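Before any comments, here is the structure.
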Amino acid sequence: MANTEASPRDTDFGDFVKDEEEELDLEELVEPWHSAQREVPDEHKLGFGGGSTVWIAFDMQDKRDVALKVMTLGKWGDNEIRIQDEIIKTVPDTSRLVIYTTTFFLPRDDKSYHRVLVFPVKGPSICTLTLKKTAIASRMSTARQLLETVASLHEAGIIHRDLNARNCMWGMAQSIDGLSRSAKYELFGRPLKQTIPFVDLWKKGELVSPVKVSQDLCTAEFYLCDFGLAKKIGDLTTQRGYPPMQYCSPDRLHKQEPSFACDMWSYMAIFSMLYLHFLHFPRFSTVEL
């Protein structure tokens, strides 16, 4: 297995917050502190979700940068690997799907461990601020690519179940392999961070803001990732969960089993975002699934 430790070429890891305003800015961009136990690599952070945090790290064996998806404790990583193996086996064209290349375990002091999945590095996910600067032809090309990608999963009998803006991303026009950390900061900006105080964590941790990827660095190719909730039709093994409320189909609110229609509802929510620059549905809801 490849050694995916972060590169020791530099010792600069971003900037600590200086005042309360920067602390509030950081809180808007990161997960709650109790999830920061996952944040162990010392490279750039790409993003986070309900079950994982994703970092850029340097693979010292293959001499390339990779994305490390550090899973939270539990079986989330096992489910994603299982369904990705099914995708590799049954989907003819996976070129627009972000598929893992290898996996390993990250041990903790309490003898538990985090599963880590290794992926190629891709560009940023959909953001309403950048969409306003993107030509309509490019946005509609993105919508078509995403629809074709979802269709390829459905033809193989697989439901994604978590289509949302965070799981859809552009390619990266410039390779970052071999770049120093300072050179990456010039591309992505310097991450803001804060030490987590007064909490008994298994390992000293920091809250770290995700990198900011300029739209100028994006390619026209579009990708779909994160298969932690995906399942094959008829599969009795189902990971509990649902997409963010603004992408969640009404039938899920009524406790119905997921279907291809759920993905299409979520897809149309993303389509409206690509076309109109905003989502039709409110961001927050008190409905419990």
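As shown in the structure tokens, the chain order sets the letters A, B, ...; within each chain, residues go from 1, and ligands are also counted from 1 in the order they appear.
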
Can you list, as a list of chain:residue names, every protein, DNA or RNA residue that comes within 8 Å of range 137-142 of chain A when you count only C-alpha atoms, leaving out same-chain residues fewer than 5 positions away? A:Leu131, A:Ala220, A:Glu221, A:Phe222, A:Leu274, A:Tyr275

Can you tell me which residues surround Thr102 in chain A at a distance of at most 12 Å, considering only C-alpha atoms, apart from same-chain residues fewer than 3 positions away, and format the answer as an NGL selection string? :A and (1-4 or 59 or 66-69 or 81 or 84-85 or 99 or 105 or 115-120)

Output of the above residues as a compact mmCIF listing (two decimals), in the first residue's frame, restricted to N, CA, C and O atoms:
# COMPACT_ATOMS: atom_id res chain seq x y z
N MET A 1 0.84 -1.20 0.00
CA MET A 1 0.00 0.00 0.00
C MET A 1 0.87 1.24 0.00
O MET A 1 1.92 1.29 0.63
N ALA A 2 0.44 2.27 -0.70
CA ALA A 2 1.21 3.50 -0.80
C ALA A 2 1.30 4.20 0.55
O ALA A 2 0.37 4.17 1.35
N ASN A 3 2.44 4.83 0.79
CA ASN A 3 2.62 5.66 1.98
C ASN A 3 2.01 7.01 1.69
O ASN A 3 2.51 7.76 0.86
N THR A 4 0.94 7.36 2.37
CA THR A 4 0.23 8.61 2.08
C THR A 4 0.42 9.63 3.18
O THR A 4 -0.46 10.42 3.47
N ASP A 59 1.55 11.63 -1.33
CA ASP A 59 1.89 10.22 -1.37
C ASP A 59 3.39 10.12 -1.64
O ASP A 59 3.84 10.35 -2.76
N VAL A 66 -2.78 13.32 -3.19
CA VAL A 66 -4.02 12.55 -3.19
C VAL A 66 -4.99 13.19 -2.21
O VAL A 66 -4.61 14.05 -1.40
N ALA A 67 -6.25 12.80 -2.31
CA ALA A 67 -7.27 13.24 -1.34
C ALA A 67 -7.52 12.09 -0.37
O ALA A 67 -7.82 10.97 -0.79
N LEU A 68 -7.37 12.36 0.92
CA LEU A 68 -7.62 11.36 1.95
C LEU A 68 -8.97 11.63 2.59
O LEU A 68 -9.19 12.71 3.16
N LYS A 69 -9.86 10.67 2.51
CA LYS A 69 -11.17 10.78 3.14
C LYS A 69 -11.11 10.00 4.45
O LYS A 69 -11.15 8.77 4.46
N ILE A 81 -16.88 1.49 0.66
CA ILE A 81 -16.02 0.59 -0.10
C ILE A 81 -16.84 -0.51 -0.76
O ILE A 81 -16.63 -0.86 -1.94
N GLN A 84 -18.72 1.02 -3.69
CA GLN A 84 -17.80 1.42 -4.75
C GLN A 84 -17.27 0.21 -5.51
O GLN A 84 -17.09 0.26 -6.73
N ASP A 85 -17.01 -0.88 -4.80
CA ASP A 85 -16.60 -2.11 -5.48
C ASP A 85 -17.70 -2.59 -6.41
O ASP A 85 -17.42 -3.10 -7.51
N ILE A 99 -13.70 7.45 -7.67
CA ILE A 99 -13.58 6.12 -7.09
C ILE A 99 -12.28 6.01 -6.30
O ILE A 99 -11.23 6.51 -6.73
N PHE A 105 -6.03 1.92 7.47
CA PHE A 105 -6.60 2.25 8.76
C PHE A 105 -5.68 3.19 9.52
O PHE A 105 -4.45 3.04 9.49
N ARG A 115 -11.12 4.45 9.28
CA ARG A 115 -10.80 3.98 7.94
C ARG A 115 -10.53 5.20 7.06
O ARG A 115 -11.24 6.20 7.15
N VAL A 116 -9.51 5.11 6.22
CA VAL A 116 -9.15 6.20 5.33
C VAL A 116 -9.21 5.69 3.89
O VAL A 116 -8.63 4.64 3.56
N LEU A 117 -9.93 6.41 3.03
CA LEU A 117 -10.00 6.09 1.61
C LEU A 117 -9.16 7.10 0.84
O LEU A 117 -9.18 8.29 1.13
N VAL A 118 -8.42 6.61 -0.14
CA VAL A 118 -7.52 7.45 -0.94
C VAL A 118 -8.15 7.67 -2.31
O VAL A 118 -8.55 6.72 -2.99
N PHE A 119 -8.22 8.95 -2.73
CA PHE A 119 -8.84 9.33 -3.99
C PHE A 119 -7.91 10.25 -4.78
O PHE A 119 -7.03 10.89 -4.20
N PRO A 120 -8.12 10.38 -6.09
CA PRO A 120 -7.44 11.44 -6.84
C PRO A 120 -7.99 12.80 -6.42
O PRO A 120 -9.15 12.90 -5.99

Compare A:Thr94, A:Ser125, A:Thr134, A:Ser152 by their minimum atom-to-atom distance to Asp216 in chain A, counting only C-alpha atoms, and give me the closest one. A:Thr134

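The protein and nucleic acid residues lying at most 8 Å from Tyr247 in chain A are Leu163, Asn164, Pro243, Pro244, Trp265, Ser266, Ala269 and Ile270 of chain A, with only C-alpha atoms considered and sequence neighbours fewer than 3 positions away removed.
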
Please report as a Markdown table every residue of range 205-259 of chain A lying within 8 Å of range 172-176 of chain A, along with the nearest atom pair and their distance in Å (one decimal), using only C-alpha atoms.
| residue | atom | partner | partner_atom | distance |
| --- | --- | --- | --- | --- |
| A:Leu217 | CA | A:Ala173 | CA | 5.1 |
| A:Cys218 | CA | A:Met172 | CA | 4.9 |
| A:Thr219 | CA | A:Ala173 | CA | 5.2 |

Pull the strand (DSSP E or B) assignments for range 47-226 of chain A out of DSSP run on the backbone, and list those residues as a ChimeraX atom specification. /A:47-48,52-59,64-71,97,102-107,113-119,125,158-159,168-172,192-195,206-208,218-224

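Distance check against Gly157 in chain A using only C-alpha atoms: of A:Val208, A:Leu253, A:Leu229, A:Val91, the minimum falls on A:Val91.
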
When DSSP works through the backbone of this structure, what residues of range 31-216 of chain A end up as alpha helix (DSSP H), shown as a count of residues only? 47

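A straight line drawn from CA of Gly77 in chain A to CA of Ser112 in chain A is 13.9 Å long.
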
Can you list, as a PyMOL selection string, every protein, DNA or RNA residue that comes within 8 Å of His44 in chain A when you count only C-alpha atoms, leaving out same-chain residues fewer than 6 positions away? chain A and resi 13+55-57+191+210-211
